[in-house]
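Structure data (compact mmCIF, C-alpha atoms and all ligand atoms) from my_file.txt:
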# COMPACT_ATOMS: atom_id res chain seq x y z
CA MET A 197 40.88 2.32 5.50
CA ARG A 198 39.64 -1.22 5.63
CA ILE A 199 35.92 -1.14 4.79
CA ALA A 200 33.54 -4.10 4.96
CA VAL A 201 30.52 -3.85 2.67
CA LEU A 202 27.65 -6.12 3.76
CA GLY A 203 25.69 -6.99 0.61
CA ALA A 204 28.54 -6.05 -1.72
CA THR A 205 27.30 -7.37 -5.06
CA GLY A 206 23.80 -5.86 -5.38
CA HIS A 207 22.39 -2.66 -6.90
CA ILE A 208 24.44 -0.40 -4.65
CA GLY A 209 27.51 -2.57 -4.06
CA THR A 210 28.07 -3.02 -7.80
CA TRP A 211 28.95 0.69 -7.94
CA LEU A 212 30.07 1.31 -4.37
CA VAL A 213 32.79 -1.31 -4.08
CA PRO A 214 34.74 -0.09 -7.16
CA ARG A 215 34.38 3.52 -5.96
CA LEU A 216 35.82 2.63 -2.55
CA VAL A 217 38.73 0.76 -4.18
CA GLN A 218 39.37 3.76 -6.44
CA ARG A 219 39.63 5.92 -3.31
CA GLY A 220 42.40 3.64 -2.05
CA HIS A 221 40.39 1.71 0.54
CA ASP A 222 41.00 -1.94 1.33
CA VAL A 223 37.52 -3.40 0.69
CA ILE A 224 36.02 -6.61 2.03
CA GLY A 225 32.89 -7.62 0.14
CA VAL A 226 30.44 -9.74 2.12
CA SER A 227 27.69 -11.78 0.46
CA ARG A 228 26.52 -15.36 0.04
CA GLY A 229 28.37 -15.52 -3.28
CA ILE A 230 25.17 -16.30 -5.20
CA ARG A 231 25.02 -13.11 -7.26
CA ALA A 232 27.67 -11.44 -9.37
CA PRO A 233 27.77 -7.63 -9.55
CA TYR A 234 25.59 -6.10 -12.29
CA ARG A 235 28.68 -4.83 -14.09
CA ASN A 236 32.26 -5.84 -14.14
CA SER A 237 34.95 -3.43 -13.00
CA PRO A 238 38.68 -4.14 -12.75
CA GLU A 239 38.61 -2.95 -9.11
CA TRP A 240 36.88 -6.19 -8.06
CA ALA A 241 40.23 -7.95 -8.47
CA ASP A 242 41.45 -6.03 -5.40
CA VAL A 243 38.46 -6.96 -3.22
CA ARG A 244 38.61 -9.70 -0.62
CA HIS A 245 35.36 -11.61 -0.73
CA VAL A 246 33.91 -13.13 2.42
CA VAL A 247 31.15 -15.61 1.68
CA LEU A 248 28.56 -16.04 4.42
CA ASP A 249 24.82 -16.19 4.93
CA ARG A 250 23.75 -13.41 7.27
CA ASP A 251 20.40 -15.02 8.06
CA ALA A 252 22.00 -18.32 9.07
CA LEU A 253 24.69 -16.63 11.18
CA GLU A 254 22.12 -14.37 12.85
CA ARG A 255 20.09 -17.41 13.83
CA ALA A 256 23.26 -18.89 15.31
CA GLY A 257 23.96 -15.56 17.06
CA SER A 258 27.39 -15.24 15.43
CA PHE A 259 26.84 -12.73 12.63
CA GLY A 260 27.99 -9.69 14.65
CA THR A 261 31.12 -11.36 15.96
CA THR A 262 31.95 -12.64 12.46
CA ILE A 263 31.77 -9.08 11.08
CA ALA A 264 33.74 -7.70 14.03
CA ALA A 265 36.46 -10.29 13.37
CA LEU A 266 37.05 -8.67 9.96
CA ALA A 267 38.65 -5.82 11.94
CA SER A 268 37.38 -3.11 9.58
CA ASP A 269 37.71 0.60 10.20
CA ALA A 270 34.24 1.09 8.70
CA VAL A 271 31.28 -1.20 8.02
CA ILE A 272 28.67 -0.35 5.40
CA ASP A 273 25.51 -2.38 6.02
CA LEU A 274 23.35 -2.48 2.89
CA ILE A 275 21.21 -5.44 3.92
CA SER A 276 19.60 -4.95 7.30
CA PHE A 277 15.83 -4.81 7.57
CA THR A 278 15.12 -5.16 11.31
CA VAL A 279 16.40 -3.60 14.52
CA ASP A 280 17.39 -7.05 15.81
CA SER A 281 19.54 -7.65 12.76
CA THR A 282 21.23 -4.24 13.07
CA ALA A 283 21.61 -4.56 16.84
CA GLN A 284 23.50 -7.81 16.51
CA VAL A 285 26.20 -6.08 14.44
CA VAL A 286 26.17 -2.90 16.53
CA ASP A 287 26.68 -4.85 19.76
CA ALA A 288 29.67 -6.67 18.28
CA LEU A 289 31.21 -3.52 16.78
CA ARG A 290 30.95 -1.23 19.82
CA ASP A 291 34.36 0.43 20.33
CA ARG A 292 35.73 -1.63 17.44
CA VAL A 293 34.79 0.44 14.39
CA GLY A 294 35.34 4.04 13.33
CA GLN A 295 32.08 4.32 11.39
CA PHE A 296 28.99 2.19 10.77
CA LEU A 297 26.85 3.17 7.80
CA HIS A 298 23.32 1.81 7.36
CA CYS A 299 21.29 1.91 4.17
CA GLY A 300 17.78 3.13 4.97
CA THR A 301 15.07 4.37 2.60
CA LEU A 302 12.97 7.48 1.95
CA TRP A 303 10.03 5.26 2.97
CA VAL A 304 10.87 6.02 6.63
CA HIS A 305 8.80 9.18 6.12
CA GLY A 306 5.60 7.39 5.11
CA VAL A 307 2.98 9.82 3.79
CA PRO A 308 4.77 13.19 3.72
CA PHE A 309 3.47 15.83 6.14
CA SER A 310 4.76 18.55 3.83
CA ARG A 311 6.61 18.65 0.54
CA PRO A 312 9.52 18.98 0.17
CA TYR A 313 10.56 17.43 3.48
CA ASP A 314 13.98 17.27 5.07
CA GLU A 315 15.59 14.80 7.48
CA THR A 316 14.03 16.54 10.49
CA ALA A 317 10.46 15.90 9.29
CA PRO A 318 8.37 13.79 11.67
CA ARG A 319 8.31 10.13 10.67
CA LYS A 320 4.98 8.43 10.05
CA PRO A 321 5.97 5.31 8.16
CA PHE A 322 3.46 2.72 7.01
CA GLY A 323 3.99 -0.79 5.70
CA GLU A 324 6.33 -3.29 7.32
CA TYR A 325 9.38 -2.22 5.30
CA GLY A 326 9.14 1.52 6.08
CA VAL A 327 8.17 0.96 9.71
CA ARG A 328 11.13 -1.36 10.30
CA LYS A 329 13.60 0.91 8.51
CA ALA A 330 12.38 3.89 10.59
CA ALA A 331 12.89 1.83 13.74
CA ILE A 332 16.46 1.03 12.64
CA GLU A 333 17.16 4.71 11.99
CA LYS A 334 15.83 5.65 15.43
CA PHE A 335 17.87 2.90 17.07
CA LEU A 336 21.09 3.93 15.31
CA LEU A 337 20.70 7.65 15.93
CA GLU A 338 20.06 6.93 19.62
CA GLU A 339 23.14 4.70 19.68
CA ALA A 340 25.08 7.58 18.12
CA THR A 341 24.17 9.84 21.04
CA ARG A 342 25.89 7.22 23.25
CA GLY A 343 29.02 7.23 21.10
CA PHE A 344 28.35 4.56 18.48
CA PRO A 345 29.58 6.03 15.16
CA ALA A 346 26.44 5.47 13.07
CA THR A 347 25.45 7.19 9.83
CA VAL A 348 22.19 6.51 7.97
CA LEU A 349 21.63 7.15 4.27
CA HIS A 350 18.08 7.08 2.86
CA PRO A 351 18.02 6.47 -0.92
CA GLY A 352 15.06 7.03 -3.23
CA HIS A 353 14.11 4.39 -5.87
CA ILE A 354 17.48 2.94 -6.83
CA THR A 355 17.84 2.74 -10.58
CA GLY A 356 20.64 1.65 -12.87
CA PRO A 357 21.61 -0.53 -15.81
CA GLY A 358 20.87 -4.21 -15.25
CA TRP A 359 17.44 -4.26 -13.61
CA ASP A 360 13.96 -2.87 -14.25
CA PRO A 361 13.29 0.63 -12.89
CA ILE A 362 10.02 1.78 -11.38
CA ASN A 363 8.13 2.85 -14.51
CA PRO A 364 5.86 5.90 -14.97
CA ALA A 365 2.88 3.85 -13.77
CA GLY A 366 4.70 3.10 -10.51
CA HIS A 367 5.44 -0.60 -11.02
CA LEU A 368 8.12 -2.72 -12.66
CA ASP A 369 6.60 -4.01 -15.92
CA PRO A 370 9.14 -2.96 -18.61
CA ARG A 371 6.43 -3.18 -21.29
CA VAL A 372 5.29 0.30 -20.19
CA PHE A 373 8.48 1.62 -21.83
CA ASP A 374 7.77 -0.46 -24.96
CA ARG A 375 4.34 1.16 -25.17
CA LEU A 376 5.79 4.64 -24.80
CA ALA A 377 8.37 3.80 -27.48
CA SER A 378 5.75 2.59 -29.94
CA GLY A 379 3.20 5.35 -29.28
CA ASP A 380 0.65 2.98 -27.70
CA VAL A 381 -1.64 4.27 -24.97
CA VAL A 382 -0.16 4.22 -21.48
CA THR A 383 -2.64 4.58 -18.66
CA LEU A 384 -1.72 6.34 -15.42
CA PRO A 385 -3.55 6.38 -12.08
CA ASN A 386 -5.78 9.36 -11.26
CA ASP A 387 -4.34 12.49 -12.89
CA GLY A 388 -0.73 11.24 -12.99
CA SER A 389 0.39 13.79 -10.42
CA ALA A 390 1.81 11.30 -7.88
CA THR A 391 5.57 11.70 -7.67
CA LEU A 392 8.55 9.37 -7.90
CA GLN A 393 12.11 10.20 -6.89
CA HIS A 394 14.59 7.82 -8.45
CA VAL A 395 18.29 7.93 -7.77
CA HIS A 396 21.02 6.39 -9.89
CA SER A 397 22.83 3.54 -8.14
CA ASP A 398 26.15 5.22 -8.87
CA ASP A 399 24.93 8.38 -7.13
CA VAL A 400 23.97 6.25 -4.10
CA ALA A 401 27.44 4.69 -4.22
CA GLU A 402 29.11 8.09 -4.34
CA ALA A 403 26.99 9.24 -1.38
CA PHE A 404 28.19 6.32 0.76
CA ALA A 405 31.80 7.01 -0.25
CA LEU A 406 31.32 10.71 0.60
CA ALA A 407 29.80 9.83 3.97
CA VAL A 408 33.00 7.90 4.72
CA ASP A 409 35.16 10.80 3.47
CA HIS A 410 33.20 13.16 5.73
CA ALA A 411 32.91 10.80 8.72
CA PRO A 412 33.37 13.47 11.43
CA ASP A 413 30.39 15.40 10.04
CA SER A 414 28.24 12.45 8.94
CA ILE A 415 28.38 10.38 12.13
CA GLY A 416 25.19 10.71 14.16
CA GLU A 417 23.29 11.98 11.11
CA SER A 418 20.88 10.70 8.49
CA PHE A 419 20.75 11.95 4.91
CA HIS A 420 18.33 11.79 2.00
CA ILE A 421 20.08 10.46 -1.10
CA ALA A 422 18.01 10.96 -4.21
CA ALA A 423 17.75 12.93 -7.42
CA CYS A 424 17.50 16.69 -6.76
CA GLU A 425 13.78 16.77 -7.55
CA PRO A 426 11.00 14.22 -7.82
CA VAL A 427 9.09 13.81 -11.07
CA SER A 428 5.35 13.34 -11.52
CA MET A 429 4.21 10.12 -13.20
CA ARG A 430 2.81 12.20 -16.04
CA SER A 431 5.96 14.22 -16.67
CA TYR A 432 8.07 11.06 -16.39
CA ALA A 433 5.92 9.32 -19.04
CA GLU A 434 6.12 12.37 -21.30
CA GLN A 435 9.91 12.60 -20.99
CA ALA A 436 10.37 8.84 -21.47
CA ALA A 437 8.32 8.91 -24.70
CA GLN A 438 10.65 11.64 -25.97
CA TRP A 439 13.62 9.26 -25.68
CA PHE A 440 12.01 7.33 -28.52
CA GLY A 441 11.02 10.41 -30.52
CA ARG A 442 7.36 10.15 -29.47
CA ASN A 443 4.80 12.25 -27.70
CA ALA A 444 3.31 10.22 -24.87
CA ASN A 445 -0.14 8.86 -25.63
CA LEU A 446 -1.56 9.01 -22.09
CA ALA A 447 -4.88 8.00 -20.60
CA PHE A 448 -5.97 8.35 -16.98
CA LEU A 449 -8.18 6.21 -14.77
CA PRO A 450 -9.35 6.69 -11.19
CA TRP A 451 -7.27 4.50 -8.88
CA GLU A 452 -10.02 1.93 -8.18
CA GLU A 453 -10.46 1.34 -11.91
CA PHE A 454 -6.76 1.58 -12.68
CA ARG A 455 -5.85 -1.11 -10.18
CA THR A 456 -8.05 -3.66 -11.97
CA THR A 457 -5.81 -3.31 -15.05
CA LEU A 458 -2.78 -4.55 -13.07
CA THR A 459 -1.65 -7.75 -11.43
CA GLN A 460 -2.00 -7.80 -7.65
CA ARG A 461 1.77 -7.32 -7.25
CA GLU A 462 1.84 -4.38 -9.68
CA ALA A 463 -1.15 -2.74 -7.99
CA ALA A 464 0.52 -3.07 -4.59
CA LEU A 465 3.73 -1.50 -5.94
CA THR A 466 1.93 1.39 -7.63
CA TYR A 467 -0.18 2.03 -4.55
CA ASP A 468 2.94 2.07 -2.39
CA HIS A 469 4.64 4.60 -4.65
CA MET A 470 1.54 6.82 -4.98
CA ALA A 471 0.96 6.84 -1.23
CA HIS A 472 4.58 7.82 -0.50
CA SER A 473 4.79 10.34 -3.38
CA PRO A 474 8.26 11.33 -2.24
CA HIS A 475 9.66 14.84 -2.42
CA ALA A 476 12.78 14.62 -0.28
CA SER A 477 15.13 17.55 0.02
CA ILE A 478 18.78 16.62 -0.52
CA ASP A 479 20.07 19.97 0.78
CA LYS A 480 21.63 18.39 3.87
CA ALA A 481 23.59 15.83 1.83
CA ARG A 482 24.73 18.64 -0.47
CA ARG A 483 25.80 20.85 2.42
CA VAL A 484 27.44 18.28 4.68
CA LEU A 485 28.69 15.62 2.24
CA SER A 486 29.16 17.75 -0.91
CA PHE A 487 26.80 15.26 -2.55
CA GLU A 488 25.74 16.33 -6.03
CA PRO A 489 23.78 13.69 -7.96
CA ARG A 490 25.01 13.26 -11.52
CA PHE A 491 21.58 12.09 -12.70
CA THR A 492 18.12 13.61 -12.49
CA ALA A 493 15.35 11.11 -11.68
CA VAL A 494 14.47 10.70 -15.35
CA GLU A 495 18.11 10.59 -16.49
CA ALA A 496 18.73 7.78 -13.99
CA VAL A 497 15.90 5.77 -15.53
CA LYS A 498 17.04 6.59 -19.07
CA ASP A 499 20.45 5.15 -18.24
CA ALA A 500 18.76 1.97 -17.00
CA VAL A 501 16.42 1.64 -19.99
CA THR A 502 18.49 2.86 -22.93
CA GLY A 503 22.05 2.78 -21.58
CA SER A 504 22.55 6.54 -21.93
CA ARG A 505 21.22 9.78 -20.53
N1 LIG A 601 15.87 -0.99 -4.31
C1 LIG A 601 15.53 0.25 -4.01
O1 LIG A 601 14.96 0.98 -4.81
C2 LIG A 601 15.89 0.77 -2.64
C3 LIG A 601 15.47 2.07 -2.30
C4 LIG A 601 15.85 2.59 -1.08
C5 LIG A 601 16.62 1.84 -0.22
N2 LIG A 601 16.99 0.57 -0.56
C6 LIG A 601 17.81 -0.18 0.38
O2 LIG A 601 18.92 -0.70 -0.32
C7 LIG A 601 19.39 -1.83 0.38
C8 LIG A 601 19.58 -2.97 -0.55
O3 LIG A 601 20.68 -2.66 -1.36
P1 LIG A 601 20.75 -3.26 -2.82
O4 LIG A 601 19.52 -2.83 -3.57
O5 LIG A 601 22.09 -2.93 -3.35
O6 LIG A 601 20.61 -4.82 -2.50
P2 LIG A 601 20.40 -6.00 -3.52
O7 LIG A 601 20.57 -5.55 -4.93
O8 LIG A 601 19.17 -6.74 -3.13
O9 LIG A 601 21.67 -6.91 -3.17
C9 LIG A 601 21.76 -7.59 -1.94
C10 LIG A 601 23.20 -7.95 -1.68
O10 LIG A 601 23.26 -8.65 -0.44
C11 LIG A 601 23.69 -10.01 -0.64
N3 LIG A 601 22.87 -10.83 0.24
C12 LIG A 601 21.54 -11.04 0.16
N4 LIG A 601 21.13 -11.84 1.16
C13 LIG A 601 22.23 -12.12 1.90
C14 LIG A 601 22.47 -12.91 3.08
N5 LIG A 601 21.48 -13.58 3.68
N6 LIG A 601 23.73 -12.97 3.56
C15 LIG A 601 24.75 -12.33 2.95
N7 LIG A 601 24.58 -11.57 1.84
C16 LIG A 601 23.35 -11.47 1.33
C17 LIG A 601 23.48 -10.26 -2.13
O11 LIG A 601 24.38 -11.21 -2.67
P3 LIG A 601 24.05 -12.80 -2.57
O12 LIG A 601 22.66 -12.98 -3.09
O13 LIG A 601 25.11 -13.41 -3.43
O14 LIG A 601 24.18 -13.14 -1.14
C18 LIG A 601 23.82 -8.89 -2.69
O15 LIG A 601 25.23 -8.70 -2.68
C19 LIG A 601 18.36 -2.17 1.44
O16 LIG A 601 18.81 -1.72 2.68
C20 LIG A 601 17.14 -1.39 0.98
O17 LIG A 601 16.31 -1.07 2.04
C21 LIG A 601 16.65 0.02 -1.76
Can you give me the file's structure in the form of structure tokens?
Amino acid sequence: MRIAVLGATGHIGTWLVPRLVQRGHDVIGVSRGIRAPYRNSPEWADVRHVVLDRDALERAGSFGTTIAALASDAVIDLISFTVDSTAQVVDALRDRVGQFLHCGTLWVHGVPFSRPYDETAPRKPFGEYGVRKAAIEKFLLEEATRGFPATVLHPGHITGPGWDPINPAGHLDPRVFDRLASGDVVTLPNDGSATLQHVHSDDVAEAFALAVDHAPDSIGESFHIAACEPVSMRSYAEQAAQWFGRNANLAFLPWEEFRTTLTQREAALTYDHMAHSPHASIDKARRVLSFEPRFTAVEAVKDAVTGSR
């Protein structure tokens, strides 16, 4: 099939595009051409690259028609964050595409009503990002009931070699791993029981490829794509210290005190992760897509931090 990947050279595309080429698809990679993929793969030589700026074309009202003109059998949209942005492509692709896959997020659930939760759980997103992604999911699944071939995948925290993973304290400062490696004290919020649910970028890539393989069953559906189980901040810190032959030297502070030890940006990130404390079931993706993540949450991070599981 001819497959257009919108946002082809980022965390997901780096792994997804080569996987699609390996499956024999004719892949068109769409981006502004600013970033290179995080890792080189020989498959990129077989990819046609279309350089465009989505934001500029959306403002001009021509993004959807530009994507439709690529005449793809499937479009994988990794970079839409509003209903308007998604709708512009959907309107142009109606009756012109066999499958449209959107990258959502586990954040569509907001604060979980129960844990674990599956795709049928009621959505109560908070924060602009989660609220907008939930609105896109709703829009696409409604469109699917009217015949538009939409599939939505909701990844956890995407982790892989080449960028900083969410650390055991729930933010992105890589020095937390240095402290665990050297036996220095690492402080966690409250009792460290908030959960994180990373997913390796290659597992996300495989899930998108599987959703294409299983199009008849995946169209009209959304799927959680994450490691099998979440991990608590405390257990994550303990396991990460073991990578360096250490026992974690942990301290705990109530949130209001903990936040004063962080930058504003770090505190916002940690708060966001604590409040969501994901525990998403991936049973549906396993059942319908035969998705089986290769990495646990902590293994995914280990691959990002140390280059091996
Ligand atoms: N990060 C996470 O932990 C996480 C978790 C759950 C879900 N998600 C979802 O994952 C998706 C993002 O995927 P990602 O992490 O692979 O993205 P990413 O690493 O940020 O990469 C973005 C890609 O889009 C291209 N791009 C950016 N702006 C563009 C524009 N205006 N026009 C055309 N191309 C543009 C970039 O290349 P150029 O810069 O060269 O254009 C790059 O190829 C989002 O839908 C997000 O909600 C992320």
*Kindly provide, as an MDAnalysis selection string, all nucleotide and amino acid residues lying within 8 Å of ligand LIG 601 (chain A), counting only C-alpha atoms and all ligand atoms.*
chainID A and resid 202:210 226:233 247:252 273:277 298:303 325 329 350:355 394
*May I ask which of the residues A:Val372, A:Leu384, A:Ala346, A:Leu392 is the closest one to Val286 in chain A, counting only C-alpha atoms?*
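Closest to Val286 in chain A, using only C-alpha atoms: A:Ala346.
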*From the set A:Val494, A:Ala447, A:Ala283, A:Ile263, which residue has the shortest atom-to-atom contact distance to Glu338 in chain A, counting all atoms listed in the file?*
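Nearest candidate to Glu338 in chain A out of A:Val494, A:Ala447, A:Ala283, A:Ile263: A:Ala283.
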*Best match for closeness to Glu254 in chain A among A:Leu212, A:Ala377, A:Val285, A:Val395, counting all atoms listed in the file*: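 Looking only at the distances to Glu254 in chain A, the closest residue turns out to be A:Val285.
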*Excluding Gly416 in chain A and residues on its chain fewer than 3 positions from it, collect all residues at most 12 Å away from it, counting all atoms listed in the file, and give them as a ChimeraX atom specification.*
/A:295-298,333-349,407,410-413,419
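Rounded to one decimal, CA of Met470 in chain A and CA of Trp451 in chain A lie 9.9 Å from each other.
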*With a distance cut-off of 7 Å and only C-alpha atoms, select the neighbouring residues of range 359-364 of chain A, excluding the residue or stretch itself and same-chain residues fewer than 6 positions from it, and output the selection as a list in words.*
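Contacts, with the query itself left out: Pro370, Val372, Met429, Tyr432, Ala433, Val497 and Ala500 of chain A.
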*Have a look at CA of Gly356 in chain A and CA of His396 in chain A and let me know their distance in Å, one decimal.*
5.6 Å
Place a sphere of radius 10 Å on (4.1, 2.6, 2.0) in the file coordinates and name every protein, DNA or RNA residue with an atom inside or on its surface, counting only C-alpha atoms; give the answer as an mmCIF file with C-alpha atoms, in the coordinates of the input.
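Once everything was written out, this is result_22.cif:
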data_model
loop_
_atom_site.group_PDB
_atom_site.id
_atom_site.type_symbol
_atom_site.label_atom_id
_atom_site.label_comp_id
_atom_site.auth_asym_id
_atom_site.auth_seq_id
_atom_site.Cartn_x
_atom_site.Cartn_y
_atom_site.Cartn_z
ATOM 1 C CA TRP A 303 10.030 5.260 2.970
ATOM 2 C CA VAL A 304 10.870 6.020 6.630
ATOM 3 C CA HIS A 305 8.800 9.180 6.120
ATOM 4 C CA GLY A 306 5.600 7.390 5.110
ATOM 5 C CA VAL A 307 2.980 9.820 3.790
ATOM 6 C CA LYS A 320 4.980 8.430 10.050
ATOM 7 C CA PRO A 321 5.970 5.310 8.160
ATOM 8 C CA PHE A 322 3.460 2.720 7.010
ATOM 9 C CA GLY A 323 3.990 -0.790 5.700
ATOM 10 C CA GLU A 324 6.330 -3.290 7.320
ATOM 11 C CA TYR A 325 9.380 -2.220 5.300
ATOM 12 C CA GLY A 326 9.140 1.520 6.080
ATOM 13 C CA VAL A 327 8.170 0.960 9.710
ATOM 14 C CA ALA A 464 0.520 -3.070 -4.590
ATOM 15 C CA LEU A 465 3.730 -1.500 -5.940
ATOM 16 C CA THR A 466 1.930 1.390 -7.630
ATOM 17 C CA TYR A 467 -0.180 2.030 -4.550
ATOM 18 C CA ASP A 468 2.940 2.070 -2.390
ATOM 19 C CA HIS A 469 4.640 4.600 -4.650
ATOM 20 C CA MET A 470 1.540 6.820 -4.980
ATOM 21 C CA ALA A 471 0.960 6.840 -1.230
ATOM 22 C CA HIS A 472 4.580 7.820 -0.500
ATOM 23 C CA SER A 473 4.790 10.340 -3.380
#
*Would you list the contacts of Arg198 in chain A as a PyMOL selection string, taking every protein, DNA or RNA residue within 8 Å and counting all atoms listed in the file, but skipping same-chain residues closer than 2 positions in sequence?*
chain A and resi 200+221-224+267-270
